[in-house]
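Listing of upload-v7.pdb; format and content: PDB, C-alpha atoms, pLDDT in the B column.
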```pdb
ATOM      1  CA  MET A   1     -71.177  33.039  53.289  1.00 51.00           C
ATOM      2  CA  HIS A   2     -74.120  31.216  51.684  1.00 69.00           C
ATOM      3  CA  GLY A   3     -71.933  29.667  48.976  1.00 75.00           C
ATOM      4  CA  ARG A   4     -71.403  26.570  51.114  1.00 81.00           C
ATOM      5  CA  LEU A   5     -75.122  25.789  50.748  1.00 84.00           C
ATOM      6  CA  LEU A   6     -75.058  25.749  46.933  1.00 85.00           C
ATOM      7  CA  HIS A   7     -75.045  22.420  45.134  1.00 93.00           C
ATOM      8  CA  LYS A   8     -76.441  23.628  41.815  1.00 95.00           C
ATOM      9  CA  LEU A   9     -76.076  27.108  40.343  1.00 93.00           C
ATOM     10  CA  THR A  10     -77.539  28.432  37.087  1.00 94.00           C
ATOM     11  CA  ILE A  11     -76.641  31.959  36.025  1.00 92.00           C
ATOM     12  CA  GLY A  12     -78.580  33.377  33.081  1.00 90.00           C
ATOM     13  CA  ARG A  13     -77.756  36.295  30.865  1.00 84.00           C
ATOM     14  CA  TYR A  14     -79.621  39.567  31.207  1.00 78.00           C
ATOM     15  CA  LYS A  15     -80.078  40.988  27.710  1.00 76.00           C
ATOM     16  CA  PHE A  16     -76.589  41.068  26.163  1.00 75.00           C
ATOM     17  CA  THR A  17     -74.559  41.745  29.276  1.00 77.00           C
ATOM     18  CA  THR A  18     -71.606  39.657  30.433  1.00 83.00           C
ATOM     19  CA  ALA A  19     -71.255  38.870  34.128  1.00 88.00           C
ATOM     20  CA  ASP A  20     -67.623  39.030  35.272  1.00 91.00           C
ATOM     21  CA  PHE A  21     -66.683  36.080  37.489  1.00 92.00           C
ATOM     22  CA  GLY A  22     -62.997  36.380  36.569  1.00 92.00           C
ATOM     23  CA  GLY A  23     -62.052  37.252  40.144  1.00 92.00           C
ATOM     24  CA  LEU A  24     -64.246  34.643  41.820  1.00 93.00           C
ATOM     25  CA  ASP A  25     -62.785  31.367  43.020  1.00 93.00           C
ATOM     26  CA  PHE A  26     -65.762  29.033  42.688  1.00 94.00           C
ATOM     27  CA  ALA A  27     -64.015  26.302  44.715  1.00 93.00           C
ATOM     28  CA  ALA A  28     -63.417  28.595  47.684  1.00 94.00           C
ATOM     29  CA  SER A  29     -66.760  30.416  47.469  1.00 94.00           C
ATOM     30  CA  CYS A  30     -68.982  27.399  46.692  1.00 94.00           C
ATOM     31  CA  PRO A  31     -67.076  24.332  47.940  1.00 95.00           C
ATOM     32  CA  ASN A  32     -70.065  21.956  47.629  1.00 96.00           C
ATOM     33  CA  LEU A  33     -71.100  23.004  44.127  1.00 96.00           C
ATOM     34  CA  ARG A  34     -71.867  19.977  41.923  1.00 97.00           C
ATOM     35  CA  GLU A  35     -73.468  21.647  38.876  1.00 97.00           C
ATOM     36  CA  LEU A  36     -72.673  25.020  37.333  1.00 96.00           C
ATOM     37  CA  ALA A  37     -74.345  26.517  34.251  1.00 96.00           C
ATOM     38  CA  ILE A  38     -73.371  30.003  33.101  1.00 96.00           C
ATOM     39  CA  HIS A  39     -74.854  31.877  30.157  1.00 95.00           C
ATOM     40  CA  GLY A  40     -72.913  35.011  29.299  1.00 93.00           C
ATOM     41  CA  GLY A  41     -70.132  35.064  31.873  1.00 94.00           C
ATOM     42  CA  LEU A  42     -66.408  35.553  32.180  1.00 94.00           C
ATOM     43  CA  VAL A  43     -64.803  32.712  34.186  1.00 95.00           C
ATOM     44  CA  ASN A  44     -61.373  31.725  35.433  1.00 94.00           C
ATOM     45  CA  ALA A  45     -59.567  28.412  35.973  1.00 92.00           C
ATOM     46  CA  SER A  46     -61.486  27.668  39.181  1.00 93.00           C
ATOM     47  CA  VAL A  47     -64.376  26.248  37.134  1.00 94.00           C
ATOM     48  CA  PHE A  48     -62.029  23.538  35.808  1.00 93.00           C
ATOM     49  CA  THR A  49     -60.128  22.871  39.041  1.00 91.00           C
ATOM     50  CA  HIS A  50     -63.111  22.785  41.417  1.00 94.00           C
ATOM     51  CA  PRO A  51     -62.654  19.586  43.485  1.00 93.00           C
ATOM     52  CA  VAL A  52     -66.325  18.459  43.543  1.00 95.00           C
ATOM     53  CA  LEU A  53     -67.898  20.056  40.443  1.00 96.00           C
ATOM     54  CA  GLU A  54     -69.417  17.322  38.236  1.00 96.00           C
ATOM     55  CA  LYS A  55     -71.271  19.259  35.531  1.00 97.00           C
ATOM     56  CA  LEU A  56     -70.061  22.471  33.914  1.00 96.00           C
ATOM     57  CA  HIS A  57     -72.117  24.050  31.123  1.00 96.00           C
ATOM     58  CA  LEU A  58     -70.812  27.284  29.610  1.00 95.00           C
ATOM     59  CA  ARG A  59     -72.853  29.123  26.997  1.00 93.00           C
ATOM     60  CA  GLU A  60     -71.781  32.323  25.236  1.00 92.00           C
ATOM     61  CA  SER A  61     -69.156  32.696  27.937  1.00 93.00           C
ATOM     62  CA  GLU A  62     -65.438  33.367  28.013  1.00 93.00           C
ATOM     63  CA  TYR A  63     -62.544  31.731  29.838  1.00 93.00           C
ATOM     64  CA  LYS A  64     -59.554  33.977  30.554  1.00 87.00           C
ATOM     65  CA  GLY A  65     -57.888  32.150  33.383  1.00 76.00           C
ATOM     66  CA  GLY A  66     -54.235  32.712  32.684  1.00 80.00           C
ATOM     67  CA  VAL A  67     -53.691  28.932  32.671  1.00 83.00           C
ATOM     68  CA  GLN A  68     -52.900  28.010  29.079  1.00 89.00           C
ATOM     69  CA  ASP A  69     -53.150  24.247  29.591  1.00 92.00           C
ATOM     70  CA  ILE A  70     -56.485  23.176  31.040  1.00 93.00           C
ATOM     71  CA  ARG A  71     -56.052  19.784  32.731  1.00 93.00           C
ATOM     72  CA  LEU A  72     -58.873  17.502  33.792  1.00 93.00           C
ATOM     73  CA  ASP A  73     -57.223  14.468  35.275  1.00 88.00           C
ATOM     74  CA  THR A  74     -57.052  12.636  38.608  1.00 78.00           C
ATOM     75  CA  GLY A  75     -58.268  15.556  40.732  1.00 84.00           C
ATOM     76  CA  SER A  76     -61.201  16.415  38.478  1.00 90.00           C
ATOM     77  CA  ARG A  77     -64.735  15.150  39.068  1.00 94.00           C
ATOM     78  CA  LEU A  78     -66.203  16.715  35.903  1.00 95.00           C
ATOM     79  CA  ARG A  79     -68.420  14.210  34.076  1.00 95.00           C
ATOM     80  CA  ASP A  80     -70.160  16.485  31.591  1.00 95.00           C
ATOM     81  CA  LEU A  81     -68.506  19.431  29.810  1.00 94.00           C
ATOM     82  CA  PRO A  82     -70.469  21.249  27.082  1.00 94.00           C
ATOM     83  CA  PHE A  83     -69.299  24.554  25.602  1.00 92.00           C
ATOM     84  CA  GLU A  84     -71.751  26.485  23.425  1.00 91.00           C
ATOM     85  CA  ASP A  85     -70.375  29.501  21.573  1.00 91.00           C
ATOM     86  CA  CYS A  86     -67.629  30.106  24.119  1.00 91.00           C
ATOM     87  CA  LEU A  87     -64.269  31.809  23.836  1.00 90.00           C
ATOM     88  CA  VAL A  88     -61.678  29.659  25.611  1.00 92.00           C
ATOM     89  CA  HIS A  89     -58.294  31.392  25.782  1.00 92.00           C
ATOM     90  CA  ALA A  90     -56.076  28.348  26.309  1.00 94.00           C
ATOM     91  CA  GLU A  91     -53.592  26.462  24.182  1.00 94.00           C
ATOM     92  CA  SER A  92     -54.646  22.960  25.172  1.00 95.00           C
ATOM     93  CA  LEU A  93     -57.274  20.883  26.921  1.00 95.00           C
ATOM     94  CA  TYR A  94     -55.985  17.651  28.423  1.00 96.00           C
ATOM     95  CA  VAL A  95     -58.415  15.065  29.818  1.00 96.00           C
ATOM     96  CA  GLY A  96     -56.250  12.470  31.467  1.00 92.00           C
ATOM     97  CA  PRO A  97     -56.132   9.183  33.265  1.00 90.00           C
ATOM     98  CA  ALA A  98     -58.768   8.596  35.927  1.00 84.00           C
ATOM     99  CA  SER A  99     -60.875  11.529  34.709  1.00 93.00           C
ATOM    100  CA  PRO A 100     -64.580  10.661  35.104  1.00 95.00           C
ATOM    101  CA  LEU A 101     -65.525  12.775  32.051  1.00 96.00           C
ATOM    102  CA  SER A 102     -68.133  10.969  29.933  1.00 96.00           C
ATOM    103  CA  THR A 103     -69.172  13.651  27.418  1.00 96.00           C
ATOM    104  CA  PHE A 104     -67.337  16.548  25.797  1.00 96.00           C
ATOM    105  CA  HIS A 105     -69.306  18.872  23.532  1.00 95.00           C
ATOM    106  CA  ASN A 106     -68.031  22.002  21.867  1.00 92.00           C
ATOM    107  CA  GLY A 107     -70.094  24.101  19.493  1.00 90.00           C
ATOM    108  CA  ILE A 108     -68.748  27.388  18.127  1.00 86.00           C
ATOM    109  CA  ASP A 109     -70.100  29.280  15.154  1.00 80.00           C
ATOM    110  CA  GLU A 110     -68.018  31.659  13.052  1.00 75.00           C
ATOM    111  CA  ASP A 111     -69.067  34.666  15.156  1.00 72.00           C
ATOM    112  CA  TYR A 112     -66.872  33.361  17.979  1.00 68.00           C
ATOM    113  CA  GLY A 113     -63.970  32.601  15.682  1.00 65.00           C
ATOM    114  CA  GLY A 114     -61.225  30.221  16.573  1.00 71.00           C
ATOM    115  CA  VAL A 115     -60.697  31.137  20.214  1.00 85.00           C
ATOM    116  CA  PHE A 116     -60.501  27.610  21.519  1.00 89.00           C
ATOM    117  CA  PRO A 117     -57.633  25.250  22.456  1.00 93.00           C
ATOM    118  CA  GLU A 118     -55.686  24.073  19.440  1.00 94.00           C
ATOM    119  CA  ARG A 119     -54.713  20.813  21.148  1.00 96.00           C
ATOM    120  CA  LEU A 120     -57.322  18.457  22.594  1.00 96.00           C
ATOM    121  CA  GLU A 121     -56.093  15.237  24.188  1.00 97.00           C
ATOM    122  CA  PHE A 122     -58.147  12.465  25.766  1.00 97.00           C
ATOM    123  CA  ASP A 123     -55.872   9.972  27.521  1.00 96.00           C
ATOM    124  CA  SER A 124     -57.101   6.743  29.155  1.00 95.00           C
ATOM    125  CA  CYS A 125     -60.515   8.048  30.224  1.00 95.00           C
ATOM    126  CA  PRO A 126     -62.510   5.045  31.425  1.00 94.00           C
ATOM    127  CA  ASN A 127     -65.960   6.712  31.219  1.00 95.00           C
ATOM    128  CA  LEU A 128     -65.572   8.787  28.046  1.00 97.00           C
ATOM    129  CA  ARG A 129     -68.413   8.002  25.612  1.00 96.00           C
ATOM    130  CA  ASP A 130     -68.873  11.018  23.347  1.00 96.00           C
ATOM    131  CA  ILE A 131     -66.719  13.699  21.774  1.00 96.00           C
ATOM    132  CA  HIS A 132     -68.629  16.248  19.657  1.00 94.00           C
ATOM    133  CA  ILE A 133     -66.739  19.193  18.189  1.00 93.00           C
ATOM    134  CA  ASN A 134     -68.561  21.547  15.849  1.00 90.00           C
ATOM    135  CA  ALA A 135     -66.423  24.656  15.452  1.00 87.00           C
ATOM    136  CA  ASP A 136     -67.047  26.571  12.253  1.00 83.00           C
ATOM    137  CA  ALA A 137     -63.891  28.684  12.310  1.00 82.00           C
ATOM    138  CA  ALA A 138     -61.529  26.916  14.707  1.00 87.00           C
ATOM    139  CA  VAL A 139     -58.366  24.937  14.064  1.00 91.00           C
ATOM    140  CA  TRP A 140     -57.544  22.023  16.358  1.00 93.00           C
ATOM    141  CA  HIS A 141     -55.697  18.740  16.698  1.00 96.00           C
ATOM    142  CA  LEU A 142     -57.472  15.869  18.479  1.00 96.00           C
ATOM    143  CA  THR A 143     -55.387  13.115  20.062  1.00 97.00           C
ATOM    144  CA  LEU A 144     -56.874   9.925  21.506  1.00 97.00           C
ATOM    145  CA  CYS A 145     -54.483   7.991  23.766  1.00 96.00           C
ATOM    146  CA  GLY A 146     -54.399   4.788  25.737  1.00 95.00           C
ATOM    147  CA  CYS A 147     -57.504   2.855  26.708  1.00 95.00           C
ATOM    148  CA  LEU A 148     -60.894   4.517  26.123  1.00 96.00           C
ATOM    149  CA  PRO A 149     -63.156   1.469  26.680  1.00 96.00           C
ATOM    150  CA  ASN A 150     -66.545   3.218  26.433  1.00 97.00           C
ATOM    151  CA  LEU A 151     -65.816   5.596  23.553  1.00 97.00           C
ATOM    152  CA  SER A 152     -68.613   5.180  21.008  1.00 95.00           C
ATOM    153  CA  ASN A 153     -68.879   8.543  19.276  1.00 94.00           C
ATOM    154  CA  VAL A 154     -66.293  10.978  17.869  1.00 95.00           C
ATOM    155  CA  GLN A 155     -67.791  13.699  15.689  1.00 93.00           C
ATOM    156  CA  GLN A 156     -65.845  16.650  14.316  1.00 92.00           C
ATOM    157  CA  ASP A 157     -66.849  19.405  11.922  1.00 89.00           C
ATOM    158  CA  ALA A 158     -64.809  22.519  11.165  1.00 87.00           C
ATOM    159  CA  SER A 159     -66.648  23.685   8.056  1.00 84.00           C
ATOM    160  CA  PRO A 160     -66.845  26.106   6.466  1.00 84.00           C
ATOM    161  CA  TYR A 161     -63.843  28.102   7.770  1.00 85.00           C
ATOM    162  CA  GLY A 162     -61.802  25.895  10.121  1.00 86.00           C
ATOM    163  CA  SER A 163     -59.782  22.708   9.950  1.00 89.00           C
ATOM    164  CA  TYR A 164     -58.640  19.869  12.162  1.00 92.00           C
ATOM    165  CA  THR A 165     -56.248  16.975  12.339  1.00 93.00           C
ATOM    166  CA  TYR A 166     -56.258  13.904  14.543  1.00 95.00           C
ATOM    167  CA  ALA A 167     -54.055  11.113  15.833  1.00 95.00           C
ATOM    168  CA  VAL A 168     -54.268   7.971  17.923  1.00 96.00           C
ATOM    169  CA  GLU A 169     -51.291   7.297  20.194  1.00 95.00           C
ATOM    170  CA  ASP A 170     -50.240   4.695  22.762  1.00 95.00           C
ATOM    171  CA  ALA A 171     -53.219   2.433  22.060  1.00 94.00           C
ATOM    172  CA  LEU A 172     -53.348  -1.294  21.487  1.00 94.00           C
ATOM    173  CA  PRO A 173     -53.689  -2.202  17.780  1.00 95.00           C
ATOM    174  CA  GLY A 174     -57.359  -3.247  18.128  1.00 94.00           C
ATOM    175  CA  ASP A 175     -58.191  -0.072  20.081  1.00 95.00           C
ATOM    176  CA  LYS A 176     -56.353   2.095  17.554  1.00 95.00           C
ATOM    177  CA  LYS A 177     -58.358   0.584  14.705  1.00 94.00           C
ATOM    178  CA  HIS A 178     -61.621   1.152  16.629  1.00 94.00           C
ATOM    179  CA  TYR A 179     -60.782   4.802  17.457  1.00 94.00           C
ATOM    180  CA  MET A 180     -59.816   5.522  13.844  1.00 93.00           C
ATOM    181  CA  SER A 181     -63.101   4.034  12.623  1.00 91.00           C
ATOM    182  CA  LEU A 182     -65.023   6.250  15.078  1.00 92.00           C
ATOM    183  CA  ILE A 183     -63.117   9.327  13.901  1.00 90.00           C
ATOM    184  CA  LYS A 184     -63.717   8.532  10.227  1.00 83.00           C
ATOM    185  CA  ARG A 185     -67.381   7.636  10.754  1.00 77.00           C
ATOM    186  CA  GLY A 186     -67.999  10.907  12.598  1.00 67.00           C
ATOM    187  CA  LYS A 187     -65.960  13.052  10.236  1.00 66.00           C
ATOM    188  CA  ASP A 188     -68.810  14.324   8.087  1.00 54.00           C
ATOM    189  CA  TYR A 189     -71.713  14.279  10.482  1.00 49.00           C
ATOM    190  CA  THR A 190     -74.492  16.755   9.946  1.00 42.00           C
ATOM    191  CA  LYS A 191     -74.623  19.666  12.331  1.00 42.00           C
ATOM    192  CA  ARG A 192     -77.113  19.058  15.091  1.00 43.00           C
ATOM    193  CA  TRP A 193     -76.487  22.023  17.352  1.00 38.00           C
TER     194      TRP A 193
END
```

As structure tokens, what does this structure read like?
Amino acid sequence: MHGRLLHKLTIGRYKFTTADFGGLDFAASCPNLRELAIHGGLVNASVFTHPVLEKLHLRESEYKGGVQDIRLDTGSRLRDLPFEDCLVHAESLYVGPASPLSTFHNGIDEDYGGVFPERLEFDSCPNLRDIHINADAAVWHLTLCGCLPNLSNVQQDASPYGSYTYAVEDALPGDKKHYMSLIKRGKDYTKRW
């Protein structure tokens, strides 16, 4: 009833409990929600498919939405997507053409293992500036595709227990060279989480 009034919602963790929002459709319950921050919650796909949500911050939370391919493309308004020590039960995360996403951050220590999408693809995202992946025990493949005109930072670290690969596809030769230099420059960055 009051969900229509919410534009920003922050849900904190009480001690070490996990709040179960697995059965809640955030889009239907809070249709005007622009910012959502959850610490210690179980969420479903509605947090990724919400039609007006712009900022989603998940910390020590878990996604079990049934959807194995998370897609943030034309219908998404997400601009900022940080994950901190989250378990994301999905095979892939695709950020596609016309997505307004500007920053993607993922930090997972070894306690959370490798429960995160193995395939990450960023395809023709006009606003994307930063990709930071620091996942101590995860294995992933990062693909950069098409035109990413504002991309200035790509940092990946899988040490000490994980590994990653990367590729650049369907990009102009000058763009491909630029993306590869960003990937190589950010390969051994120091952990800042």

Applying the PyMOL selection byres ((chain A and resi 117-130) around 9) to the file I just gave you, which residues come out? Please list them as a PyMOL selection string. chain A and resi 68-70+73+79+88-105+114-116+131-132+138-155+164

Just C-alpha atoms for this one: save the residues we selected as a PDB file, keeping the file's coordinate frame.
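The result, written out as result_5.pdb:
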```pdb
ATOM      1  CA  GLN A  68     -52.900  28.010  29.079  1.00 89.00           C
ATOM      2  CA  ASP A  69     -53.150  24.247  29.591  1.00 92.00           C
ATOM      3  CA  ILE A  70     -56.485  23.176  31.040  1.00 93.00           C
ATOM      4  CA  ASP A  73     -57.223  14.468  35.275  1.00 88.00           C
ATOM      5  CA  ARG A  79     -68.420  14.210  34.076  1.00 95.00           C
ATOM      6  CA  VAL A  88     -61.678  29.659  25.611  1.00 92.00           C
ATOM      7  CA  HIS A  89     -58.294  31.392  25.782  1.00 92.00           C
ATOM      8  CA  ALA A  90     -56.076  28.348  26.309  1.00 94.00           C
ATOM      9  CA  GLU A  91     -53.592  26.462  24.182  1.00 94.00           C
ATOM     10  CA  SER A  92     -54.646  22.960  25.172  1.00 95.00           C
ATOM     11  CA  LEU A  93     -57.274  20.883  26.921  1.00 95.00           C
ATOM     12  CA  TYR A  94     -55.985  17.651  28.423  1.00 96.00           C
ATOM     13  CA  VAL A  95     -58.415  15.065  29.818  1.00 96.00           C
ATOM     14  CA  GLY A  96     -56.250  12.470  31.467  1.00 92.00           C
ATOM     15  CA  PRO A  97     -56.132   9.183  33.265  1.00 90.00           C
ATOM     16  CA  ALA A  98     -58.768   8.596  35.927  1.00 84.00           C
ATOM     17  CA  SER A  99     -60.875  11.529  34.709  1.00 93.00           C
ATOM     18  CA  PRO A 100     -64.580  10.661  35.104  1.00 95.00           C
ATOM     19  CA  LEU A 101     -65.525  12.775  32.051  1.00 96.00           C
ATOM     20  CA  SER A 102     -68.133  10.969  29.933  1.00 96.00           C
ATOM     21  CA  THR A 103     -69.172  13.651  27.418  1.00 96.00           C
ATOM     22  CA  PHE A 104     -67.337  16.548  25.797  1.00 96.00           C
ATOM     23  CA  HIS A 105     -69.306  18.872  23.532  1.00 95.00           C
ATOM     24  CA  GLY A 114     -61.225  30.221  16.573  1.00 71.00           C
ATOM     25  CA  VAL A 115     -60.697  31.137  20.214  1.00 85.00           C
ATOM     26  CA  PHE A 116     -60.501  27.610  21.519  1.00 89.00           C
ATOM     27  CA  ILE A 131     -66.719  13.699  21.774  1.00 96.00           C
ATOM     28  CA  HIS A 132     -68.629  16.248  19.657  1.00 94.00           C
ATOM     29  CA  ALA A 138     -61.529  26.916  14.707  1.00 87.00           C
ATOM     30  CA  VAL A 139     -58.366  24.937  14.064  1.00 91.00           C
ATOM     31  CA  TRP A 140     -57.544  22.023  16.358  1.00 93.00           C
ATOM     32  CA  HIS A 141     -55.697  18.740  16.698  1.00 96.00           C
ATOM     33  CA  LEU A 142     -57.472  15.869  18.479  1.00 96.00           C
ATOM     34  CA  THR A 143     -55.387  13.115  20.062  1.00 97.00           C
ATOM     35  CA  LEU A 144     -56.874   9.925  21.506  1.00 97.00           C
ATOM     36  CA  CYS A 145     -54.483   7.991  23.766  1.00 96.00           C
ATOM     37  CA  GLY A 146     -54.399   4.788  25.737  1.00 95.00           C
ATOM     38  CA  CYS A 147     -57.504   2.855  26.708  1.00 95.00           C
ATOM     39  CA  LEU A 148     -60.894   4.517  26.123  1.00 96.00           C
ATOM     40  CA  PRO A 149     -63.156   1.469  26.680  1.00 96.00           C
ATOM     41  CA  ASN A 150     -66.545   3.218  26.433  1.00 97.00           C
ATOM     42  CA  LEU A 151     -65.816   5.596  23.553  1.00 97.00           C
ATOM     43  CA  SER A 152     -68.613   5.180  21.008  1.00 95.00           C
ATOM     44  CA  ASN A 153     -68.879   8.543  19.276  1.00 94.00           C
ATOM     45  CA  VAL A 154     -66.293  10.978  17.869  1.00 95.00           C
ATOM     46  CA  GLN A 155     -67.791  13.699  15.689  1.00 93.00           C
ATOM     47  CA  TYR A 164     -58.640  19.869  12.162  1.00 92.00           C
TER      48      TYR A 164
END
```

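Separating atom CA of Gly23 of chain A from atom CA of Asp111 of chain A is a distance of 26.1 Å.
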
By how many Å are atom CA of Asp85 of chain A and atom CA of His57 of chain A apart? 11.1 Å

Between atom CA of Gly162 of chain A and atom CA of Leu87 of chain A, what distance in Å does the model show, to one decimal? 15.1 Å

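Among the candidates A:Glu110, A:Leu36, A:Ala28, A:Gly41, the residue lying nearest to Leu81 of chain A is A:Leu36 (atoms considered: all atoms listed in the file).
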
Given all atoms listed in the file as the basis, pick out the residue of A:Met180, A:Leu24, A:Ile133, A:Leu33 nearest to Ala167 of chain A. A:Met180

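Distances here use all atoms listed in the file; by that measure, the residue among A:Leu9, A:Val43, A:Ala135, A:Ala37 closest to Asp25 of chain A is A:Val43.
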
Nearest to Phe48 of chain A by atom-to-atom distance, counting all atoms listed in the file, from A:His7, A:Arg34, A:Arg71, A:His178: A:Arg71

With distances taken over all atoms listed in the file, which residue among A:Cys30, A:Ala19, A:Leu5, A:Ile108 lies nearest Asp136 of chain A? A:Ile108

Taking the file above as input, evaluate the PyMOL selection byres ((chain A and resi 17) around 12) and report the hits as a ChimeraX atom specification. /A:12-16,18-20,39-42,60-61
